[in-house]
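Accompanying notes for the structure given below.
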Amino acid sequence: MSPNLESHIKSQVPALLLRRFFGAGRRDEAKHLQRPPVPPPPAGRRRVFVQTETGCVLGMDLDRGDNAHTVKRRLQLALNVPTGETSLTFGDRVLENDLSFIRPDSPLLLTRNSINRSCSTPCLCPVSKDFEHKDRSGLVEMLGCSISCARVKRLVDDVVTAIRSGVDPVPIGSGLGGSYYFRNIAGDRVAIVKPTDEEPFAPNNPKGFVGRALGQPGLKKSVRVGETGFREVAAYLLDHDNFANVPPTALVKITHSIFHINCPVNGGSPALPHDQNQQVSSKIASFQQFIAHDFDASDHGTSSFPVAAVHRIGILDIRIFNTDRHAGNVLVRKLDGGTGRFGCQTELFPIDHGLCLPENLEDPYFEWIHWAQSSIPFSEEELEYIRNLDPMRDVAMLRRELPIIREACLRVLVLCTIFLKESAASGLCLAEIGEMMTREFRGLEEEPSKLEVVCMEARRKLAEWEPYSPMVEQGEGMDFQFSMDILGEYNDVIRSPRFNGSGMKGNGFRNPLSKLVESIDEDNDDDDDGRSESSTRSSERVPSGGLKLPSADKSSGSNGSVHALNRSADEQLPSSVCFVRLSDMNAEEWSIFLEKFQELLKEALQERAAAAGQRMKQRLGTSCKF
């Protein structure tokens, strides 16, 4: 540190102590501590934000000659964190010498190579007095996402003005993770901020749900700890023309003393809320516009919800494979100017998309399946919107605007968008599409969803195609972190005990597509009794909220591989959870899989329609004519 800088800090410390001792207002203190505007990086440099797996964040400028080693060295000097046996990652990629593809304002993650770590590992947070001078970041800085910049930038400016004027954010007591209301200068709530290191199971979770490092499987095991924030942004970016009313969302680096730190490196106790001695800390977080509302869908009857609003939220949920669409994350606002068909007119706003776009197919949760609106056919406007969806264009957009998103998440998006387009074109309503994506329980055994059944058959056909492909052995040299290991005979594709023992190519294999037709007959039989067995199972097996805390997973038998942590989340799950993988295919296999999937899906939908029509004819009888 230069002598002038050191003397400047020493001259400020007594003034701060006197202000606190004599009760100076928070507004005056905030003005005294406000930072000067952040100068743009010099030409040829790119500003990035490096986050450790325990949540610490440092902004730094990359020179053209910088590599992963120099970045780690700067991080070690600035934050006093160990960087030995660590990997610097950017989404799926492990960074080494070439950092030229890293975009400005990108978040990087420093992870340790071994996944066998102690849950009591201390959170190494900056404690040096000159830390604020090493990180020249502003109070709030946006990370990429040029599409969302225009609308979110105004909110960021309001929040920064309020912080510098002494208007503090307010912690939110509900939920399992740390979240905060940030206000404008008038004290009104304008944004909700969710730090990535305060998610459930993350190192700095303020509500006791800790025990894992960033990058490990989280509350939903196909969604890693610390990665719900960019999924919130992805949902907003995919909501084209604000079709479903997703609030504007961006990823930011934000600095404030209100944020929670569980275990400082000096061994001190965690700071209490509103503690004046609480350390100023920087976080990477999702930053979403606060929506003023009257209640959420769990506090009000659903009869007044507009059909179009329910359909639009459902269309989005299907595309992004939302695993947590419960009634509590649909906000409801009453509209002035008259009443609707069922009472007051309302407007719906879907929020909390952190558990969408998982790395593998699992059991989604769609609360709207049980609403009457979802059984009404799509309107022509909605069908036109669905027809215009282009999954490949969406993937290209997300890679451009959100380059840290994992390839496995993009594959789920492509698959579900294709499924939505084909299902809607065949005449299925929203509830029917959602039910085809939802798993069932038969006895104590979890059955694959109808979507998974089609995927399983597509994988079987892919396995038959592979011996004739010269590309079978490719994929080992990929830069992506998710596993590309190809297991013999794809014996890991079908993990349910119901399918064990059936050879993938043997004569004893039973076509799983027949399950689609059988399920229609079963559903129709249940309709004769006045209720649908599938919907009953769905409502009985998922508690209110559709989200359950998983039991602590056992440590997997790691062989000490350098990139053991970098395997996809589905590789660290119990074998009974995943029926089919998408992440272990190389580019050519993925292309062939999609072709097989579309062919099989069309056949399955045709068989479903024929079976449903035959059943309806039997019910009506030959004398009924319209």
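The way I read the labels, and the way they are meant: chains A, B, ... in the order of the structure tokens, residue 1 as the first residue of every chain, and ligand 1 as the first ligand shown, with later ones counted on from there.
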
Point to revise | In segment 215-382 of chain A, DSSP helix (DSSP H, G or I) residues written as a VMD selection string | key: chain A and resid 228 to 238 240 to 242 297 to 299 302 to 304 307 to 320 327 to 329 367 to 370 372 to 375 380 to 382

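Note that the spacing between atom CA of Phe579 of chain A and atom CA of Gly218 of chain A amounts to 19.2 Å.
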
Would you kindly return, as a short mmCIF file (atom, residue, chain, number, x, y, z; two decimals) with N, CA and C atoms, in the first residue's frame, each protein, DNA or RNA residue with an atom no farther than 9 Å from any atom of segment 288-294 of chain A, considering only C-alpha atoms and excluding same-chain residues fewer than 5 positions away?
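Contents of the output file around-v2.cif:
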data_model
loop_
_atom_site.label_atom_id
_atom_site.label_comp_id
_atom_site.auth_asym_id
_atom_site.auth_seq_id
_atom_site.Cartn_x
_atom_site.Cartn_y
_atom_site.Cartn_z
N VAL A 152 -33.30 -2.86 -15.90
CA VAL A 152 -32.74 -3.08 -14.57
C VAL A 152 -31.80 -1.94 -14.18
N LEU A 155 -33.32 0.64 -11.98
CA LEU A 155 -33.50 0.16 -10.61
C LEU A 155 -32.18 0.20 -9.84
N TYR A 181 -34.96 -6.98 0.65
CA TYR A 181 -35.63 -5.91 -0.07
C TYR A 181 -34.68 -4.72 -0.14
N PHE A 182 -34.37 -4.26 -1.33
CA PHE A 182 -33.61 -3.02 -1.50
C PHE A 182 -34.58 -1.92 -1.89
N ARG A 189 -39.90 -0.28 -1.58
CA ARG A 189 -39.22 -1.46 -2.09
C ARG A 189 -39.20 -1.42 -3.61
N VAL A 190 -38.02 -1.62 -4.18
CA VAL A 190 -37.90 -1.59 -5.63
C VAL A 190 -37.24 -2.85 -6.19
N ALA A 191 -36.53 -3.61 -5.36
CA ALA A 191 -35.82 -4.79 -5.86
C ALA A 191 -35.69 -5.83 -4.76
N ILE A 192 -35.61 -7.09 -5.19
CA ILE A 192 -35.32 -8.21 -4.29
C ILE A 192 -33.98 -8.78 -4.71
N VAL A 193 -33.05 -8.88 -3.77
CA VAL A 193 -31.69 -9.35 -4.03
C VAL A 193 -31.49 -10.67 -3.29
N LYS A 194 -31.00 -11.69 -4.03
CA LYS A 194 -30.75 -13.01 -3.45
C LYS A 194 -29.29 -13.39 -3.70
N GLU A 232 -32.66 -17.54 -12.52
CA GLU A 232 -33.64 -16.47 -12.44
C GLU A 232 -33.51 -15.54 -13.64
N VAL A 233 -32.28 -15.23 -14.01
CA VAL A 233 -32.05 -14.36 -15.16
C VAL A 233 -32.47 -15.05 -16.45
N PRO A 247 -40.76 -10.64 -13.85
CA PRO A 247 -40.18 -9.32 -13.56
C PRO A 247 -38.76 -9.22 -14.11
N PRO A 248 -38.33 -8.01 -14.51
CA PRO A 248 -36.96 -7.81 -14.99
C PRO A 248 -35.94 -8.29 -13.97
N THR A 249 -34.95 -9.05 -14.42
CA THR A 249 -33.97 -9.68 -13.53
C THR A 249 -32.59 -9.62 -14.16
N ALA A 250 -31.58 -9.42 -13.33
CA ALA A 250 -30.19 -9.41 -13.81
C ALA A 250 -29.30 -10.00 -12.72
N LEU A 251 -28.10 -10.37 -13.13
CA LEU A 251 -27.08 -10.85 -12.19
C LEU A 251 -26.18 -9.67 -11.86
N LEU A 331 -47.50 -14.26 -7.89
CA LEU A 331 -48.04 -13.07 -7.23
C LEU A 331 -49.31 -12.63 -7.94
N VAL A 332 -50.25 -12.12 -7.15
CA VAL A 332 -51.55 -11.71 -7.67
C VAL A 332 -51.78 -10.24 -7.33
N ARG A 333 -52.14 -9.47 -8.35
CA ARG A 333 -52.45 -8.05 -8.16
C ARG A 333 -53.87 -7.79 -8.65
N LYS A 334 -54.67 -7.15 -7.80
CA LYS A 334 -56.02 -6.78 -8.20
C LYS A 334 -55.96 -5.59 -9.17
N PHE A 349 -48.11 -12.63 -11.73
CA PHE A 349 -46.68 -12.43 -11.96
C PHE A 349 -45.92 -13.65 -11.43
#

Exercise for review: Give the strand (DSSP E or B) residues of segment 148-255 of chain A, as assigned by DSSP on the backbone, as a list of chain:residue names.
Suggested key: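 Going through segment 148-255 of chain A, the strand (DSSP E or B) residues come out as A:Val170, A:Pro171, A:Tyr180, A:Tyr181, A:Phe182, A:Arg183, A:Arg189, A:Val190, A:Ala191, A:Ile192, A:Val193, A:Lys194, A:Pro195, A:Pro217, A:Arg224, A:Thr249, A:Ala250, A:Leu251, A:Val252, A:Lys253, A:Ile254, A:Thr255.
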
Practice item. Find the spatial neighbours of segment 200-212 of chain A, counting only C-alpha atoms, within a cut-off of 6 Å - ignore same-chain residues fewer than 4 positions away - and output them as a list in words. Key: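 The filter keeps Thr54, Cys119, Leu176, Gly177, Gly178, Ile261 and Asn262 of chain A.
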
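For Thr255 of chain A, the residues within 8 Å (counting only C-alpha atoms, excluding itself and residues fewer than 2 positions away along the chain) are Gly138, Leu139, Val140, Lys253, Ser257, Val280, Ser281, Ser282 and Lys283 of chain A.
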
May I have the selected residues written with N, CA, C and O atoms, as an mmCIF file, in the first residue's frame?
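Now in out_7.cif:
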data_model
loop_
_atom_site.group_PDB
_atom_site.id
_atom_site.type_symbol
_atom_site.label_atom_id
_atom_site.label_comp_id
_atom_site.auth_asym_id
_atom_site.auth_seq_id
_atom_site.Cartn_x
_atom_site.Cartn_y
_atom_site.Cartn_z
ATOM 1 N N GLY A 138 -18.033 -0.747 -7.841
ATOM 2 C CA GLY A 138 -19.075 0.114 -7.321
ATOM 3 C C GLY A 138 -19.967 -0.644 -6.364
ATOM 4 O O GLY A 138 -19.808 -1.835 -6.123
ATOM 5 N N LEU A 139 -20.952 0.065 -5.799
ATOM 6 C CA LEU A 139 -21.861 -0.576 -4.852
ATOM 7 C C LEU A 139 -22.674 -1.672 -5.531
ATOM 8 O O LEU A 139 -22.899 -2.735 -4.956
ATOM 9 N N VAL A 140 -23.130 -1.415 -6.747
ATOM 10 C CA VAL A 140 -23.874 -2.417 -7.514
ATOM 11 C C VAL A 140 -23.354 -2.386 -8.942
ATOM 12 O O VAL A 140 -23.358 -1.327 -9.580
ATOM 13 N N LYS A 253 -23.047 -7.854 -9.024
ATOM 14 C CA LYS A 253 -22.156 -7.877 -7.862
ATOM 15 C C LYS A 253 -22.559 -6.689 -7.004
ATOM 16 O O LYS A 253 -22.586 -5.548 -7.466
ATOM 17 N N SER A 257 -23.212 -4.023 4.028
ATOM 18 C CA SER A 257 -22.955 -4.682 5.311
ATOM 19 C C SER A 257 -24.132 -5.507 5.787
ATOM 20 O O SER A 257 -24.007 -6.244 6.767
ATOM 21 N N VAL A 280 -18.489 -4.978 5.804
ATOM 22 C CA VAL A 280 -18.996 -4.759 4.461
ATOM 23 C C VAL A 280 -18.509 -5.901 3.575
ATOM 24 O O VAL A 280 -17.325 -6.211 3.549
ATOM 25 N N SER A 281 -19.422 -6.549 2.866
ATOM 26 C CA SER A 281 -19.052 -7.688 2.037
ATOM 27 C C SER A 281 -19.688 -7.545 0.666
ATOM 28 O O SER A 281 -20.745 -6.937 0.509
ATOM 29 N N SER A 282 -19.026 -8.107 -0.328
ATOM 30 C CA SER A 282 -19.522 -8.105 -1.702
ATOM 31 C C SER A 282 -20.081 -9.480 -2.044
ATOM 32 O O SER A 282 -19.516 -10.503 -1.651
ATOM 33 N N LYS A 283 -21.168 -9.497 -2.774
ATOM 34 C CA LYS A 283 -21.824 -10.753 -3.141
ATOM 35 C C LYS A 283 -22.195 -10.733 -4.622
ATOM 36 O O LYS A 283 -22.459 -9.674 -5.200
#

Study note, to complete from the structure: Here atom CA of Phe259 of chain A and atom CA of Val81 of chain A stand apart by 19.9 Å

Check your understanding: Excluding same-chain residues fewer than 3 positions from Gly427 of chain A, what lies within 12 Å of it counting only C-alpha atoms, as a list of chain:residue names?
Key ->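 Once the nearby chain positions are removed, what remains is A:Ser375, A:Ile376, A:Pro377, A:Phe378, A:Ser379, A:Glu380, A:Leu383, A:Leu420, A:Lys421, A:Glu422, A:Ser423, A:Ala424, A:Leu430, A:Ala431, A:Glu432, A:Ile433, A:Leu605, A:Gln606, A:Arg608, A:Ala609, A:Ala612.
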